[in-house]
$ cat work29.csv   # CSV, C-alpha atoms and all ligand atoms
chain,number,residue,atom,x,y,z
Z,1,MET,CA,23.9,-11.2,-15.0
Z,2,GLY,CA,22.7,-8.3,-17.0
Z,3,ILE,CA,19.5,-8.5,-19.0
Z,4,VAL,CA,18.8,-6.9,-22.4
Z,5,ILE,CA,15.4,-7.3,-23.9
Z,6,THR,CA,14.9,-6.2,-27.6
Z,7,HIS,CA,11.6,-5.9,-29.5
Z,8,LEU,CA,9.9,-8.5,-27.3
Z,9,SER,CA,6.3,-9.3,-28.2
Z,10,HIS,CA,4.2,-12.2,-26.9
Z,11,VAL,CA,0.9,-13.6,-28.2
Z,12,TYR,CA,-0.8,-16.2,-26.1
Z,13,MET,CA,-2.6,-19.0,-28.1
Z,14,LYS,CA,-1.2,-17.7,-31.3
Z,15,GLY,CA,-3.1,-18.8,-34.4
Z,16,THR,CA,-6.3,-19.6,-32.5
Z,17,PRO,CA,-9.5,-17.5,-32.2
Z,18,TYR,CA,-8.4,-16.9,-28.6
Z,19,ALA,CA,-5.0,-15.3,-29.5
Z,20,LYS,CA,-4.1,-12.6,-27.0
Z,21,LEU,CA,-1.4,-10.0,-27.6
Z,22,ALA,CA,0.1,-9.7,-24.0
Z,23,LEU,CA,3.4,-7.9,-24.7
Z,24,THR,CA,4.2,-5.4,-27.5
Z,25,ASP,CA,7.7,-4.4,-28.5
Z,26,ILE,CA,9.3,-4.3,-25.1
Z,27,ASN,CA,12.8,-2.9,-25.0
Z,28,LEU,CA,14.6,-2.7,-21.7
Z,29,GLU,CA,17.9,-3.2,-20.0
Z,30,ILE,CA,18.6,-4.3,-16.5
Z,31,PRO,CA,22.2,-4.0,-15.4
Z,32,SER,CA,23.8,-6.8,-13.5
Z,33,GLY,CA,23.3,-6.4,-9.7
Z,34,ALA,CA,20.4,-3.9,-10.1
Z,35,TYR,CA,17.2,-3.9,-8.0
Z,36,VAL,CA,14.3,-2.9,-10.3
Z,37,GLY,CA,10.6,-2.7,-9.7
Z,38,VAL,CA,7.9,-3.6,-12.3
Z,39,ILE,CA,4.5,-2.0,-11.6
Z,40,GLY,CA,1.2,-1.8,-13.5
Z,41,ALA,CA,-2.4,-2.8,-13.1
Z,42,THR,CA,-3.6,-6.4,-13.3
Z,43,GLY,CA,-3.4,-7.7,-16.9
Z,44,SER,CA,-0.8,-5.1,-18.0
Z,45,GLY,CA,1.7,-7.8,-18.8
Z,46,LYS,CA,4.0,-7.9,-15.8
Z,47,SER,CA,3.9,-11.7,-15.3
Z,48,THR,CA,4.3,-12.4,-19.0
Z,49,LEU,CA,7.4,-10.2,-19.1
Z,50,VAL,CA,9.1,-11.8,-16.1
Z,51,GLN,CA,8.2,-15.3,-17.3
Z,52,HIS,CA,10.3,-14.5,-20.4
Z,53,ILE,CA,13.2,-13.5,-18.2
Z,54,ALA,CA,12.9,-16.7,-16.3
Z,55,GLY,CA,12.9,-18.8,-19.4
Z,56,LEU,CA,9.4,-20.0,-18.8
Z,57,LEU,CA,7.9,-18.5,-22.0
Z,58,ARG,CA,9.3,-18.3,-25.5
Z,59,PRO,CA,9.0,-14.9,-27.2
Z,60,THR,CA,6.7,-14.7,-30.2
Z,61,SER,CA,9.1,-12.2,-31.6
Z,62,GLY,CA,12.2,-10.3,-30.4
Z,63,GLN,CA,14.9,-11.6,-28.0
Z,64,ILE,CA,16.0,-11.7,-24.5
Z,65,GLN,CA,19.7,-11.8,-23.6
Z,66,ILE,CA,20.5,-12.9,-20.1
Z,67,GLY,CA,24.2,-12.9,-19.4
Z,68,ASP,CA,25.7,-14.8,-22.4
Z,69,THR,CA,22.4,-16.7,-23.0
Z,70,GLU,CA,20.2,-15.5,-25.8
Z,71,ILE,CA,16.5,-16.5,-26.1
Z,72,THR,CA,14.7,-16.0,-29.4
Z,73,PRO,CA,11.5,-17.5,-30.9
Z,74,ASP,CA,13.7,-20.3,-32.3
Z,75,THR,CA,15.3,-21.3,-29.0
Z,76,LYS,CA,14.4,-24.9,-28.5
Z,77,ASP,CA,15.6,-25.6,-25.0
Z,78,LEU,CA,14.9,-22.9,-22.4
Z,79,SER,CA,16.4,-25.0,-19.5
Z,80,MET,CA,19.8,-23.4,-19.6
Z,81,LEU,CA,18.6,-20.6,-17.3
Z,82,ARG,CA,17.5,-23.1,-14.6
Z,83,GLY,CA,19.2,-22.2,-11.4
Z,84,ARG,CA,20.7,-19.0,-12.7
Z,85,VAL,CA,17.3,-17.2,-12.7
Z,86,GLY,CA,15.2,-17.9,-9.6
Z,87,VAL,CA,11.5,-17.1,-9.6
Z,88,VAL,CA,9.2,-16.7,-6.6
Z,89,PHE,CA,5.6,-16.6,-7.7
Z,90,GLN,CA,2.6,-15.7,-5.6
Z,91,TYR,CA,2.0,-18.3,-3.0
Z,92,PRO,CA,5.2,-20.3,-3.7
Z,93,GLU,CA,4.4,-22.5,-0.7
Z,94,HIS,CA,1.8,-24.3,-2.8
Z,95,GLN,CA,4.8,-26.0,-4.4
Z,96,LEU,CA,6.2,-27.5,-1.2
Z,97,PHE,CA,5.9,-31.2,-1.4
Z,98,GLU,CA,8.8,-33.0,0.3
Z,99,GLU,CA,8.6,-34.8,3.7
Z,100,THR,CA,10.9,-32.3,5.4
Z,101,VAL,CA,11.8,-28.6,5.0
Z,102,ALA,CA,15.4,-29.6,4.5
Z,103,LYS,CA,14.5,-31.9,1.6
Z,104,ASP,CA,12.3,-29.3,0.0
Z,105,VAL,CA,15.0,-26.6,0.2
Z,106,ALA,CA,17.5,-29.2,-1.2
Z,107,PHE,CA,15.4,-30.0,-4.2
Z,108,GLY,CA,16.7,-27.3,-6.5
Z,109,PRO,CA,20.4,-27.7,-5.6
Z,110,ARG,CA,20.1,-31.5,-6.0
Z,111,ASN,CA,18.7,-31.0,-9.5
Z,112,LEU,CA,21.7,-28.9,-10.3
Z,113,GLY,CA,23.7,-32.0,-9.5
Z,114,LEU,CA,25.7,-30.5,-6.6
Z,115,PRO,CA,27.6,-32.8,-4.2
Z,116,SER,CA,25.7,-33.7,-1.1
Z,117,GLU,CA,28.0,-31.8,1.4
Z,118,GLU,CA,27.5,-28.7,-0.7
Z,119,ILE,CA,23.7,-29.2,-0.8
Z,120,GLU,CA,23.7,-29.6,3.0
Z,121,ARG,CA,25.7,-26.4,3.4
Z,122,ARG,CA,23.4,-24.5,1.1
Z,123,VAL,CA,20.3,-25.7,2.9
Z,124,ILE,CA,21.5,-24.4,6.2
Z,125,GLU,CA,22.7,-21.1,4.7
Z,126,ALA,CA,19.4,-20.6,2.8
Z,127,LEU,CA,17.3,-21.2,6.0
Z,128,GLU,CA,19.4,-18.6,7.7
Z,129,TRP,CA,18.9,-16.1,4.9
Z,130,VAL,CA,15.2,-16.3,5.1
Z,131,GLY,CA,15.2,-16.3,8.9
Z,132,LEU,CA,13.9,-19.9,9.6
Z,133,ALA,CA,15.3,-21.6,12.7
Z,134,LYS,CA,17.5,-24.7,12.0
Z,135,GLU,CA,15.3,-26.8,14.2
Z,136,LEU,CA,12.5,-26.5,11.6
Z,137,ALA,CA,14.6,-28.3,8.9
Z,138,SER,CA,13.5,-31.7,10.0
Z,139,ARG,CA,9.8,-30.8,10.2
Z,140,SER,CA,7.2,-31.5,7.6
Z,141,PRO,CA,6.7,-28.2,5.6
Z,142,PHE,CA,3.0,-28.7,6.3
Z,143,GLN,CA,3.5,-28.3,10.0
Z,144,LEU,CA,4.8,-24.8,9.5
Z,145,SER,CA,2.8,-21.6,9.8
Z,146,GLY,CA,1.8,-19.8,6.5
Z,147,GLY,CA,4.7,-17.3,6.9
Z,148,GLN,CA,7.2,-20.0,7.6
Z,149,MET,CA,6.0,-22.0,4.6
Z,150,ARG,CA,6.6,-19.0,2.4
Z,151,ARG,CA,10.1,-18.6,3.8
Z,152,ALA,CA,10.9,-22.3,3.2
Z,153,ALA,CA,9.7,-22.0,-0.4
Z,154,ILE,CA,11.8,-18.9,-1.0
Z,155,ALA,CA,14.8,-20.6,0.7
Z,156,GLY,CA,14.5,-23.4,-1.9
Z,157,VAL,CA,14.9,-20.8,-4.7
Z,158,LEU,CA,17.8,-19.0,-2.9
Z,159,ALA,CA,19.7,-22.3,-2.3
Z,160,MET,CA,20.3,-22.4,-6.0
Z,161,HIS,CA,22.3,-19.2,-5.7
Z,162,PRO,CA,20.5,-17.5,-8.6
Z,163,ASP,CA,22.3,-14.6,-10.3
Z,164,VAL,CA,18.8,-13.1,-11.0
Z,165,LEU,CA,15.9,-13.3,-8.6
Z,166,ILE,CA,12.4,-12.6,-9.8
Z,167,LEU,CA,9.8,-11.8,-7.1
Z,168,ASP,CA,6.2,-11.7,-8.5
Z,169,GLU,CA,4.1,-10.4,-5.7
Z,170,PRO,CA,6.2,-12.4,-3.2
Z,171,THR,CA,4.5,-11.1,0.0
Z,172,ALA,CA,0.9,-11.6,-0.9
Z,173,GLY,CA,-1.1,-12.8,2.1
Z,174,LEU,CA,1.7,-12.1,4.7
Z,175,ASP,CA,1.1,-9.7,7.5
Z,176,PRO,CA,2.8,-6.3,7.1
Z,177,ALA,CA,5.6,-6.9,9.5
Z,178,GLY,CA,6.4,-10.3,7.9
Z,179,GLN,CA,6.3,-8.7,4.4
Z,180,ARG,CA,8.8,-6.0,5.4
Z,181,GLU,CA,11.1,-8.5,7.2
Z,182,LEU,CA,11.2,-10.8,4.2
Z,183,LEU,CA,11.9,-8.0,1.7
Z,184,ASN,CA,14.6,-6.6,4.0
Z,185,ARG,CA,16.3,-9.9,4.1
Z,186,ILE,CA,16.2,-10.3,0.3
Z,187,TYR,CA,17.5,-6.7,0.0
Z,188,THR,CA,20.5,-7.6,2.2
Z,189,LEU,CA,21.2,-10.6,0.0
Z,190,HIS,CA,20.9,-8.4,-3.1
Z,191,ARG,CA,23.6,-6.1,-1.7
Z,192,GLU,CA,25.9,-8.8,-0.3
Z,193,ARG,CA,25.7,-11.2,-3.3
Z,194,LYS,CA,25.2,-8.6,-6.0
Z,195,MET,CA,22.1,-10.5,-6.9
Z,196,THR,CA,20.0,-8.8,-9.6
Z,197,VAL,CA,16.4,-8.5,-8.2
Z,198,ILE,CA,13.2,-7.8,-10.2
Z,199,LEU,CA,10.3,-7.1,-7.9
Z,200,VAL,CA,6.8,-7.2,-9.4
Z,201,SER,CA,4.5,-5.6,-7.0
Z,202,HIS,CA,1.2,-3.8,-6.5
Z,203,SER,CA,2.7,-2.1,-3.5
Z,204,MET,CA,4.0,1.3,-4.3
Z,205,ASP,CA,5.5,1.4,-0.9
Z,206,ASP,CA,7.6,-1.7,-1.5
Z,207,VAL,CA,8.9,-0.8,-4.9
Z,208,ALA,CA,9.7,2.7,-3.7
Z,209,ARG,CA,11.6,1.4,-0.7
Z,210,TYR,CA,13.7,-1.2,-2.5
Z,211,ALA,CA,13.9,-0.5,-6.3
Z,212,GLU,CA,16.3,2.0,-7.8
Z,213,THR,CA,14.7,1.8,-11.2
Z,214,LEU,CA,11.0,1.4,-12.1
Z,215,PHE,CA,9.3,0.1,-15.2
Z,216,VAL,CA,5.6,1.0,-15.4
Z,217,MET,CA,3.5,-1.3,-17.6
Z,218,ALA,CA,0.1,-0.7,-19.2
Z,219,GLY,CA,-1.6,-2.6,-22.0
Z,220,GLY,CA,1.5,-4.8,-22.6
Z,221,ARG,CA,3.9,-2.0,-23.1
Z,222,VAL,CA,6.4,-0.2,-20.8
Z,223,VAL,CA,4.8,3.2,-20.7
Z,224,LEU,CA,7.2,4.9,-18.2
Z,225,ARG,CA,10.6,4.1,-16.9
Z,226,GLY,CA,13.4,5.7,-15.0
Z,227,SER,CA,14.8,6.2,-11.5
Z,228,THR,CA,12.2,5.4,-8.8
Z,229,GLU,CA,12.2,9.0,-7.8
Z,230,GLY,CA,11.8,10.3,-11.3
Z,231,VAL,CA,8.8,7.9,-12.0
Z,232,LEU,CA,7.1,8.7,-8.8
Z,233,GLN,CA,7.3,12.4,-9.6
Z,234,GLN,CA,5.4,11.9,-12.9
Z,235,ALA,CA,2.0,11.0,-11.4
Z,236,ASP,CA,0.4,13.9,-13.1
Z,237,ARG,CA,1.9,13.1,-16.5
Z,238,LEU,CA,0.7,9.5,-16.2
Z,239,ARG,CA,-2.8,10.6,-15.2
Z,240,GLU,CA,-3.1,13.0,-18.1
Z,241,TRP,CA,-1.5,10.6,-20.5
Z,242,ASP,CA,-4.3,9.2,-22.6
Z,243,LEU,CA,-3.3,5.6,-23.1
Z,244,GLY,CA,-6.7,4.5,-24.0
Z,245,GLU,CA,-6.6,2.1,-21.1
Z,246,PRO,CA,-8.1,2.4,-17.7
Z,247,GLU,CA,-4.8,1.1,-16.3
Z,248,ALA,CA,-3.2,4.5,-16.7
Z,249,ALA,CA,-5.7,6.2,-14.4
Z,250,ARG,CA,-5.4,3.4,-11.9
Z,251,ILE,CA,-1.6,3.5,-11.8
Z,252,ALA,CA,-1.6,7.3,-11.6
Z,253,GLY,CA,-4.0,7.0,-8.7
Z,254,ARG,CA,-1.6,4.7,-6.9
Z,255,LEU,CA,1.4,6.9,-7.7
Z,256,ASN,CA,-0.6,9.8,-6.3
Z,257,GLN,CA,-1.3,8.0,-3.1
Z,258,ARG,CA,2.4,7.4,-2.8
Z,259,LEU,CA,3.1,11.0,-3.2
Z,260,ASP,CA,0.4,12.3,-0.9
Z,261,PRO,CA,1.7,12.5,1.7
Z,262,PRO,CA,5.2,12.3,0.2
Z,263,LEU,CA,6.9,9.6,2.2
Z,264,ARG,CA,10.4,10.0,1.0
Z,265,LEU,CA,10.7,13.5,-0.4
Z,266,ASP,CA,14.3,13.6,1.0
Z,267,ARG,CA,15.3,11.1,-1.6
Z,268,PHE,CA,13.5,12.9,-4.5
Z,269,THR,CA,15.7,14.8,-6.8
Z,270,PRO,CA,14.0,16.6,-9.8
Z,271,GLU,CA,15.0,15.3,-13.2
Z,272,SER,CA,16.3,17.9,-15.6
Z,301,LIG,P1,-0.2,-9.0,-15.1
Z,301,LIG,O1,0.9,-9.9,-14.5
Z,301,LIG,O2,0.3,-7.6,-15.2
Z,301,LIG,O3,-1.5,-9.1,-14.3
Z,301,LIG,P2,-0.3,-10.9,-17.3
Z,301,LIG,O4,1.1,-10.9,-17.9
Z,301,LIG,O5,-0.7,-12.0,-16.4
Z,301,LIG,O6,-0.5,-9.5,-16.6
Z,301,LIG,O7,-1.4,-10.8,-18.4
Z,301,LIG,C1,-1.2,-10.0,-19.6
Z,301,LIG,C2,-2.4,-10.3,-20.5
Z,301,LIG,O8,-2.3,-11.6,-21.1
Z,301,LIG,C3,-3.8,-10.2,-19.9
Z,301,LIG,O9,-4.7,-9.7,-20.8
Z,301,LIG,C4,-4.1,-11.6,-19.6
Z,301,LIG,O10,-5.4,-11.9,-19.6
Z,301,LIG,C5,-3.4,-12.4,-20.7
Z,301,LIG,N1,-2.9,-13.7,-20.3
Z,301,LIG,C6,-2.1,-14.0,-19.3
Z,301,LIG,N2,-1.8,-15.3,-19.3
Z,301,LIG,C7,-2.5,-15.9,-20.3
Z,301,LIG,C8,-2.6,-17.2,-20.8
Z,301,LIG,N3,-2.0,-18.2,-20.2
Z,301,LIG,N4,-3.4,-17.4,-21.9
Z,301,LIG,C9,-4.0,-16.4,-22.4
Z,301,LIG,N5,-4.0,-15.1,-22.1
Z,301,LIG,C10,-3.2,-14.8,-21.0

$ encode --input "work29.csv" --output "C-alpha cells" --more "lines below"
Ligand code: ADP
Amino acid sequence: MGIVITHLSHVYMKGTPYAKLALTDINLEIPSGAYVGVIGATGSGKSTLVQHIAGLLRPTSGQIQIGDTEITPDTKDLSMLRGRVGVVFQYPEHQLFEETVAKDVAFGPRNLGLPSEEIERRVIEALEWVGLAKELASRSPFQLSGGQMRRAAIAGVLAMHPDVLILDEPTAGLDPAGQRELLNRIYTLHRERKMTVILVSHSMDDVARYAETLFVMAGGRVVLRGSTEGVLQQADRLREWDLGEPEAARIAGRLNQRLDPPLRLDRFTPES
C-alpha cells in the first residue's frame, strides 16, 4: 500500500497550557513496496509521524492516505488500519503476555477473525520468518532469551501479513549480530512479499544498508529527503544549514561519521 501524507501537523495536548507542536506541515509520499528510513535526533518527531501512519494518532490538521484509506482530523474510527499496518516499537517483548509463544503469535491473526487452520499456518510461517525454532512455540514467552522474545513479538506482527511494516528502533538492546540478522530477515520479507517498510533508526549504518530513500527530521519537519546516497552526501549542507535547532548539528555529525570512512562509496552516485 502506498502512503501519501499531505500538510500533516500534530499538536499534543492541544488547548492546554502543555500544548506541544510535534509535527509541522509534513508532506511526503512512500510508494507501495518501498523501504524507507526515517532519521533525526530524539524529539524530532519520528515516532509521532509513524504513529499517524499506523493509525495510532489522529492528525491535528492535514491528512494521511494509506492505500484507499484516508485519515483526517475528523476520522472517528482509526481501527480500519489494524492488521494492514504493523508496528514494532522499541522493546516489543514487553507486550508478550500469553501462556505460550504460539498463542502470543496467534493473537493478532485471531483478532482479525481468521479460521483456526489459517492461524496455525501463519504462526508456523511467522516463527520461521524471524528464525525461531518450532520447538519454542509451546514454551512460555518468558522462558525465552531476550533476543528470542524480541523475535516472538515481531513474529506476532508479521503473522498479520501487514502491507506496511513500521519498525521504530526495532533492534535496540540486541547484540550487533542479532540486530543484523533480524534486519536481514525483514529485508528478505520486504523483497519477497513486496511489504512496504519504514525503518526509524538512530543507526546510520542500518538505514544506509537497507533503505532506498531517507527522510531526515528536525524540529517536527522533514528537513532533507531523497535517495539514501543523495542524503548521505549532503552532510556538509546539513551541518551548515542553520535550522535554529541543535538537532541539525547532531544529525550532520552522524552523517559525517557515516561518510568517514565512506563505507559504501561504490553505491554513491552524485546527484545532478
Ligand atoms: P522522536 O521519535 O524523534 O524522538 P517524538 O515524536 O517522540 O520524537 O516527539 C516529538 C516531540 O513531541 C518532542 O518534543 C516530544 O517531547 C513531544 N511529545 C512526544 N510524545 C508526546 C506526548 N505524548 N505528549 C506531549 N508531548 C509529546

$ closest_residue --input "work29.csv" --among "Z:Gly33, Z:Gly220, Z:Pro115, Z:Gly230" --to "ligand LIG 301 (chain Z)" --atoms "all atoms listed in the file"
Z:Gly220

$ closest_atom_pairs --input "work29.csv" --of "chain Z" --to "ligand LIG 301 (chain Z)" --cutoff "6 Å" --atoms "only C-alpha atoms and all ligand atoms" --output "tab-separated table"
residue	atom	partner	partner_atom	distance
Z:Tyr12	CA	Z:LIG301	C9	4.9
Z:Lys20	CA	Z:LIG301	N5	5.5
Z:Ala22	CA	Z:LIG301	O8	4.2
Z:Ala41	CA	Z:LIG301	O2	5.9
Z:Thr42	CA	Z:LIG301	O3	3.6
Z:Gly43	CA	Z:LIG301	O6	3.4
Z:Ser44	CA	Z:LIG301	O2	3.9
Z:Gly45	CA	Z:LIG301	O4	3.3
Z:Lys46	CA	Z:LIG301	O2	3.8
Z:Ser47	CA	Z:LIG301	O1	3.6
Z:Thr48	CA	Z:LIG301	O4	3.7

$ atom_distance --input "work29.csv" --atom1 "atom CA of Z:Met160" --atom2 "atom CA of Z:Leu57"
20.6 Å

$ atom_distance --input "work29.csv" --atom1 "atom CA of Z:Gly86" --atom2 "atom CA of Z:Leu158"
7.3 Å

$ atom_distance --input "work29.csv" --atom1 "atom CA of Z:Lys103" --atom2 "atom CA of Z:Ile166"
22.5 Å

$ closest_residue --input "work29.csv" --among "Z:Thr6, Z:Gln143, Z:Gln234, Z:Thr24" --to "Z:Ile71" --atoms "all atoms listed in the file"
Z:Thr6

$ residues_around --input "work29.csv" --residues "Z:Tyr91" --least-positions-apart "3" --cutoff "12 Å" --atoms "all atoms listed in the file" --output "VMD selection string"
chain Z and resid 87 to 88 94 to 96 146 to 154 167 to 174

$ closest_residue --input "work29.csv" --among "Z:Val36, Z:Ala102, Z:Ile5, Z:Leu49" --to "Z:Met217" --atoms "only C-alpha atoms"
Z:Leu49

$ residues_near_point --input "work29.csv" --point "(10.4, -5.1, -0.1)" --cutoff "6 Å" --atoms "all atoms listed in the file" --output "ChimeraX atom specification"
/Z:180,183,206,210

$ residues_around --input "work29.csv" --residues "Z:Ile39" --least-positions-apart "5" --cutoff "8 Å" --atoms "only C-alpha atoms" --output "ChimeraX atom specification"
/Z:46,200-202,214-217

$ residues_around --input "work29.csv" --residues "Z:Pro109" --least-positions-apart "5" --cutoff "7 Å" --atoms "only C-alpha atoms" --output "VMD selection string"
chain Z and resid 114 119 159 to 160

$ residues_near_point --input "work29.csv" --point "(17.5, -13.3, 3.5)" --cutoff "8 Å" --atoms "all atoms listed in the file" --output "VMD selection string"
chain Z and resid 126 128 to 131 182 to 189

$ closest_residue --input "work29.csv" --among "Z:Arg122, Z:Gln65, Z:Asn111, Z:Val101" --to "Z:Pro141" --atoms "all atoms listed in the file"
Z:Val101
